[in-house]
Amino acid sequence: MKEEKHKVKILNVFFNHITKSLLVNKLVEKISQNQKVFLVTANPEIIMYANTDQDYFSVVNNADYTIPDGIGVIIASKMIGNPLSERIAGYDLLVELLQVGNEKGWSAYFLGAKKEVVQKAVDNVKTTYPQLKIAGWNDGYFDWNSSNISDEIKEKKPDLIFVALGFPKQEIWISKNIESFEKGLFMGVGGSFDVLAGEVKRAPLVWQKMNIEWLYRLIQQPSRWKRMLVLPQFVLKVVVEKYIKKSE
């Protein structure tokens, strides 16, 4: 990571200590200057996975920004005595960037999800943000050995590139391709296209404010319960590491 001097290390993953408003300001500045930016929105699942896969670990820690997308990350930062400013939900950041892009007439490319989902998401974006130019879109079922997608993005030169392949694929794809692009903010957005498309509902604001959006998503999608098992493992690992450091 290259931008902020003050970073918080949680299980060897470095997070930028930054508020959402300051982050947006910095991203707007970089995009306006036609710079390239790679941003990772990391939750406990991503941290745990990064600790088991060295290649992915390097990808995350070499991003320009890694931000805490999950209340578990905020809790962990408090547990180790170096609290992060706030949770920055990936979907909220995505929406804010779309709003700014609409105001400034930026262009955006959408990559990932099923064809009908990304198409519906793009249609809704066109309606909600009419001044945002749609540089292009493609579903997530493409041949990684082909350069067709990256060639199209290079040609269109969008300001915003949202990649919804799920982790670790989205960050790996960005890492492997970003050097060949001239400009743009590259951001993995997980299942955000499903929300933009109206296929999945975002948790009500009161749930978000209570930091139990994860519970709402679990109720909406019970199949996520296996993924939730990583949370107690994550907390335990943070506690263990904290007391190991204290005893050293």
# chains A, B, ... in the order shown; residues from 1 in each chain; ligands from 1
>>> residues_around(residues="stretch 43-59 of chain A", least_positions_apart="5", cutoff="12 Å", atoms="only C-alpha atoms", output="PyMOL selection string")
chain A and resi 1+9-15+38+64-77+87-90+166-178+188-190+214+226-238
>>> residues_around(residues="A:Tyr129", least_positions_apart="3", cutoff="7 Å", atoms="only C-alpha atoms", output="mmCIF file with N, CA and C atoms, in the first residue's frame")
data_model
loop_
_atom_site.group_PDB
_atom_site.id
_atom_site.type_symbol
_atom_site.label_atom_id
_atom_site.label_comp_id
_atom_site.auth_asym_id
_atom_site.auth_seq_id
_atom_site.Cartn_x
_atom_site.Cartn_y
_atom_site.Cartn_z
ATOM 1 N N GLN A 99 -22.141 8.547 -7.839
ATOM 2 C CA GLN A 99 -22.717 9.886 -7.707
ATOM 3 C C GLN A 99 -21.734 10.956 -8.173
ATOM 4 N N ASN A 102 -21.305 10.811 -11.854
ATOM 5 C CA ASN A 102 -22.451 11.416 -12.527
ATOM 6 C C ASN A 102 -22.302 12.938 -12.585
ATOM 7 N N VAL A 125 -28.218 1.803 -13.320
ATOM 8 C CA VAL A 125 -27.230 2.871 -13.170
ATOM 9 C C VAL A 125 -27.497 3.968 -14.198
ATOM 10 N N LYS A 126 -27.809 3.580 -15.417
ATOM 11 C CA LYS A 126 -28.105 4.559 -16.471
ATOM 12 C C LYS A 126 -29.285 5.454 -16.075
ATOM 13 N N LEU A 132 -23.482 9.808 -16.073
ATOM 14 C CA LEU A 132 -22.342 8.891 -16.014
ATOM 15 C C LEU A 132 -22.296 8.103 -17.323
#
>>> select_by_dssp(residues="stretch 99-179 of chain A", states="strand (DSSP E)", output="list of chain:residue names")
A:Ser107, A:Ala108, A:Tyr109, A:Phe110, A:Leu111, A:Gly112, A:Lys133, A:Ile134, A:Ala135, A:Gly136, A:Trp137, A:Asn138, A:Leu160, A:Ile161, A:Phe162, A:Val163, A:Ala164
>>> closest_residue(among="A:Asp92, A:Glu182, A:Glu29, A:Asp139", to="A:Lys154", atoms="only C-alpha atoms")
A:Glu182
>>> residues_around(residues="A:Phe193", least_positions_apart="4", cutoff="8 Å", atoms="only C-alpha atoms", output="list in words")
Gly112, Ala113, Val117, Val118, Ala121, Ala164, Val189 and Ala197 of chain A
>>> select_by_dssp(residues="stretch 154-187 of chain A", states="alpha helix (DSSP H)", output="ChimeraX atom specification")
/A:154-156,169-177
>>> closest_residue(among="A:Gly136, A:Val200, A:Leu22, A:Val163", to="A:Val40", atoms="only C-alpha atoms")
A:Val163
>>> atom_distance(atom1="atom CA of A:Asn34", atom2="atom CA of A:Gly184")
6.6 Å
>>> decode(residues="stretch 33-67 of chain A", atoms="N, CA, C and O atoms", output="PDB file, in the first residue's frame")
ATOM      1  N   GLN A  33      -6.876  13.325 -12.103  1.00  0.00           N
ATOM      2  CA  GLN A  33      -5.522  13.475 -12.651  1.00  0.00           C
ATOM      3  C   GLN A  33      -5.132  12.289 -13.533  1.00  0.00           C
ATOM      4  O   GLN A  33      -3.974  12.143 -13.913  1.00  0.00           O
ATOM      5  N   ASN A  34      -6.133  11.465 -13.868  1.00  0.00           N
ATOM      6  CA  ASN A  34      -5.912  10.300 -14.744  1.00  0.00           C
ATOM      7  C   ASN A  34      -4.869   9.326 -14.195  1.00  0.00           C
ATOM      8  O   ASN A  34      -4.112   8.715 -14.948  1.00  0.00           O
ATOM      9  N   GLN A  35      -4.848   9.188 -12.867  1.00  0.00           N
ATOM     10  CA  GLN A  35      -3.943   8.228 -12.239  1.00  0.00           C
ATOM     11  C   GLN A  35      -4.626   6.867 -12.137  1.00  0.00           C
ATOM     12  O   GLN A  35      -5.837   6.749 -12.276  1.00  0.00           O
ATOM     13  N   LYS A  36      -3.825   5.846 -11.877  1.00  0.00           N
ATOM     14  CA  LYS A  36      -4.355   4.500 -11.634  1.00  0.00           C
ATOM     15  C   LYS A  36      -4.412   4.262 -10.137  1.00  0.00           C
ATOM     16  O   LYS A  36      -3.487   4.609  -9.404  1.00  0.00           O
ATOM     17  N   VAL A  37      -5.512   3.647  -9.690  1.00  0.00           N
ATOM     18  CA  VAL A  37      -5.688   3.349  -8.265  1.00  0.00           C
ATOM     19  C   VAL A  37      -6.287   1.955  -8.125  1.00  0.00           C
ATOM     20  O   VAL A  37      -7.262   1.622  -8.803  1.00  0.00           O
ATOM     21  N   PHE A  38      -5.714   1.173  -7.233  1.00  0.00           N
ATOM     22  CA  PHE A  38      -6.243  -0.158  -6.926  1.00  0.00           C
ATOM     23  C   PHE A  38      -6.704  -0.143  -5.479  1.00  0.00           C
ATOM     24  O   PHE A  38      -5.909   0.083  -4.561  1.00  0.00           O
ATOM     25  N   LEU A  39      -7.996  -0.371  -5.274  1.00  0.00           N
ATOM     26  CA  LEU A  39      -8.573  -0.315  -3.934  1.00  0.00           C
ATOM     27  C   LEU A  39      -9.182  -1.667  -3.565  1.00  0.00           C
ATOM     28  O   LEU A  39      -9.926  -2.254  -4.357  1.00  0.00           O
ATOM     29  N   VAL A  40      -8.861  -2.146  -2.367  1.00  0.00           N
ATOM     30  CA  VAL A  40      -9.399  -3.407  -1.853  1.00  0.00           C
ATOM     31  C   VAL A  40     -10.299  -3.113  -0.665  1.00  0.00           C
ATOM     32  O   VAL A  40      -9.912  -2.386   0.253  1.00  0.00           O
ATOM     33  N   THR A  41     -11.502  -3.661  -0.694  1.00  0.00           N
ATOM     34  CA  THR A  41     -12.397  -3.564   0.459  1.00  0.00           C
ATOM     35  C   THR A  41     -12.322  -4.912   1.184  1.00  0.00           C
ATOM     36  O   THR A  41     -12.815  -5.908   0.685  1.00  0.00           O
ATOM     37  N   ALA A  42     -11.685  -4.909   2.347  1.00  0.00           N
ATOM     38  CA  ALA A  42     -11.365  -6.178   3.013  1.00  0.00           C
ATOM     39  C   ALA A  42     -12.197  -6.392   4.271  1.00  0.00           C
ATOM     40  O   ALA A  42     -12.335  -5.509   5.113  1.00  0.00           O
ATOM     41  N   ASN A  43     -12.753  -7.598   4.383  1.00  0.00           N
ATOM     42  CA  ASN A  43     -13.487  -8.016   5.574  1.00  0.00           C
ATOM     43  C   ASN A  43     -12.728  -9.167   6.240  1.00  0.00           C
ATOM     44  O   ASN A  43     -11.661  -9.572   5.760  1.00  0.00           O
ATOM     45  N   PRO A  44     -13.220  -9.700   7.348  1.00  0.00           N
ATOM     46  CA  PRO A  44     -12.502 -10.798   8.010  1.00  0.00           C
ATOM     47  C   PRO A  44     -12.235 -11.998   7.115  1.00  0.00           C
ATOM     48  O   PRO A  44     -11.181 -12.633   7.216  1.00  0.00           O
ATOM     49  N   GLU A  45     -13.160 -12.316   6.210  1.00  0.00           N
ATOM     50  CA  GLU A  45     -12.942 -13.435   5.285  1.00  0.00           C
ATOM     51  C   GLU A  45     -11.695 -13.218   4.441  1.00  0.00           C
ATOM     52  O   GLU A  45     -10.883 -14.123   4.251  1.00  0.00           O
ATOM     53  N   ILE A  46     -11.559 -12.014   3.931  1.00  0.00           N
ATOM     54  CA  ILE A  46     -10.419 -11.695   3.085  1.00  0.00           C
ATOM     55  C   ILE A  46      -9.124 -11.741   3.886  1.00  0.00           C
ATOM     56  O   ILE A  46      -8.101 -12.251   3.413  1.00  0.00           O
ATOM     57  N   ILE A  47      -9.159 -11.220   5.108  1.00  0.00           N
ATOM     58  CA  ILE A  47      -7.963 -11.256   5.955  1.00  0.00           C
ATOM     59  C   ILE A  47      -7.537 -12.694   6.218  1.00  0.00           C
ATOM     60  O   ILE A  47      -6.347 -13.041   6.109  1.00  0.00           O
ATOM     61  N   MET A  48      -8.486 -13.535   6.578  1.00  0.00           N
ATOM     62  CA  MET A  48      -8.167 -14.928   6.880  1.00  0.00           C
ATOM     63  C   MET A  48      -7.635 -15.650   5.652  1.00  0.00           C
ATOM     64  O   MET A  48      -6.674 -16.417   5.728  1.00  0.00           O
ATOM     65  N   TYR A  49      -8.245 -15.380   4.500  1.00  0.00           N
ATOM     66  CA  TYR A  49      -7.790 -16.033   3.269  1.00  0.00           C
ATOM     67  C   TYR A  49      -6.386 -15.566   2.905  1.00  0.00           C
ATOM     68  O   TYR A  49      -5.543 -16.368   2.482  1.00  0.00           O
ATOM     69  N   ALA A  50      -6.137 -14.275   3.072  1.00  0.00           N
ATOM     70  CA  ALA A  50      -4.810 -13.729   2.757  1.00  0.00           C
ATOM     71  C   ALA A  50      -3.724 -14.373   3.609  1.00  0.00           C
ATOM     72  O   ALA A  50      -2.575 -14.508   3.169  1.00  0.00           O
ATOM     73  N   ASN A  51      -4.088 -14.788   4.813  1.00  0.00           N
ATOM     74  CA  ASN A  51      -3.114 -15.426   5.699  1.00  0.00           C
ATOM     75  C   ASN A  51      -2.841 -16.884   5.341  1.00  0.00           C
ATOM     76  O   ASN A  51      -1.972 -17.520   5.943  1.00  0.00           O
ATOM     77  N   THR A  52      -3.603 -17.406   4.377  1.00  0.00           N
ATOM     78  CA  THR A  52      -3.387 -18.794   3.946  1.00  0.00           C
ATOM     79  C   THR A  52      -2.861 -18.874   2.518  1.00  0.00           C
ATOM     80  O   THR A  52      -2.495 -19.949   2.057  1.00  0.00           O
ATOM     81  N   ASP A  53      -2.842 -17.751   1.814  1.00  0.00           N
ATOM     82  CA  ASP A  53      -2.420 -17.742   0.415  1.00  0.00           C
ATOM     83  C   ASP A  53      -1.445 -16.582   0.196  1.00  0.00           C
ATOM     84  O   ASP A  53      -1.850 -15.418   0.179  1.00  0.00           O
ATOM     85  N   GLN A  54      -0.183 -16.892   0.030  1.00  0.00           N
ATOM     86  CA  GLN A  54       0.855 -15.872  -0.062  1.00  0.00           C
ATOM     87  C   GLN A  54       0.676 -14.957  -1.262  1.00  0.00           C
ATOM     88  O   GLN A  54       0.907 -13.747  -1.182  1.00  0.00           O
ATOM     89  N   ASP A  55       0.230 -15.512  -2.390  1.00  0.00           N
ATOM     90  CA  ASP A  55       0.028 -14.689  -3.582  1.00  0.00           C
ATOM     91  C   ASP A  55      -1.076 -13.656  -3.354  1.00  0.00           C
ATOM     92  O   ASP A  55      -0.924 -12.481  -3.700  1.00  0.00           O
ATOM     93  N   TYR A  56      -2.166 -14.108  -2.757  1.00  0.00           N
ATOM     94  CA  TYR A  56      -3.271 -13.196  -2.493  1.00  0.00           C
ATOM     95  C   TYR A  56      -2.881 -12.177  -1.422  1.00  0.00           C
ATOM     96  O   TYR A  56      -3.244 -11.000  -1.508  1.00  0.00           O
ATOM     97  N   PHE A  57      -2.128 -12.622  -0.439  1.00  0.00           N
ATOM     98  CA  PHE A  57      -1.614 -11.738   0.606  1.00  0.00           C
ATOM     99  C   PHE A  57      -0.828 -10.583  -0.023  1.00  0.00           C
ATOM    100  O   PHE A  57      -1.001  -9.410   0.336  1.00  0.00           O
ATOM    101  N   SER A  58       0.016 -10.899  -0.988  1.00  0.00           N
ATOM    102  CA  SER A  58       0.821  -9.880  -1.664  1.00  0.00           C
ATOM    103  C   SER A  58      -0.054  -8.927  -2.474  1.00  0.00           C
ATOM    104  O   SER A  58       0.194  -7.720  -2.510  1.00  0.00           O
ATOM    105  N   VAL A  59      -1.078  -9.479  -3.107  1.00  0.00           N
ATOM    106  CA  VAL A  59      -1.997  -8.648  -3.886  1.00  0.00           C
ATOM    107  C   VAL A  59      -2.663  -7.614  -2.985  1.00  0.00           C
ATOM    108  O   VAL A  59      -2.698  -6.417  -3.302  1.00  0.00           O
ATOM    109  N   VAL A  60      -3.196  -8.059  -1.849  1.00  0.00           N
ATOM    110  CA  VAL A  60      -3.921  -7.157  -0.942  1.00  0.00           C
ATOM    111  C   VAL A  60      -2.991  -6.095  -0.371  1.00  0.00           C
ATOM    112  O   VAL A  60      -3.319  -4.903  -0.345  1.00  0.00           O
ATOM    113  N   ASN A  61      -1.807  -6.505   0.062  1.00  0.00           N
ATOM    114  CA  ASN A  61      -0.907  -5.556   0.707  1.00  0.00           C
ATOM    115  C   ASN A  61      -0.161  -4.657  -0.279  1.00  0.00           C
ATOM    116  O   ASN A  61       0.553  -3.747   0.136  1.00  0.00           O
ATOM    117  N   ASN A  62      -0.305  -4.916  -1.565  1.00  0.00           N
ATOM    118  CA  ASN A  62       0.300  -4.043  -2.570  1.00  0.00           C
ATOM    119  C   ASN A  62      -0.724  -3.124  -3.220  1.00  0.00           C
ATOM    120  O   ASN A  62      -0.383  -2.374  -4.137  1.00  0.00           O
ATOM    121  N   ALA A  63      -1.967  -3.195  -2.757  1.00  0.00           N
ATOM    122  CA  ALA A  63      -2.993  -2.278  -3.271  1.00  0.00           C
ATOM    123  C   ALA A  63      -2.691  -0.865  -2.787  1.00  0.00           C
ATOM    124  O   ALA A  63      -1.994  -0.665  -1.794  1.00  0.00           O
ATOM    125  N   ASP A  64      -3.218   0.124  -3.499  1.00  0.00           N
ATOM    126  CA  ASP A  64      -3.008   1.512  -3.087  1.00  0.00           C
ATOM    127  C   ASP A  64      -3.786   1.825  -1.812  1.00  0.00           C
ATOM    128  O   ASP A  64      -3.328   2.592  -0.968  1.00  0.00           O
ATOM    129  N   TYR A  65      -4.964   1.230  -1.709  1.00  0.00           N
ATOM    130  CA  TYR A  65      -5.794   1.402  -0.514  1.00  0.00           C
ATOM    131  C   TYR A  65      -6.402   0.063  -0.133  1.00  0.00           C
ATOM    132  O   TYR A  65      -6.919  -0.657  -0.992  1.00  0.00           O
ATOM    133  N   THR A  66      -6.364  -0.251   1.152  1.00  0.00           N
ATOM    134  CA  THR A  66      -7.127  -1.380   1.689  1.00  0.00           C
ATOM    135  C   THR A  66      -7.973  -0.818   2.814  1.00  0.00           C
ATOM    136  O   THR A  66      -7.450  -0.260   3.787  1.00  0.00           O
ATOM    137  N   ILE A  67      -9.279  -0.941   2.671  1.00  0.00           N
ATOM    138  CA  ILE A  67     -10.186  -0.310   3.623  1.00  0.00           C
ATOM    139  C   ILE A  67     -11.025  -1.367   4.345  1.00  0.00           C
ATOM    140  O   ILE A  67     -11.250  -2.453   3.820  1.00  0.00           O
TER     141      ILE A  67
END
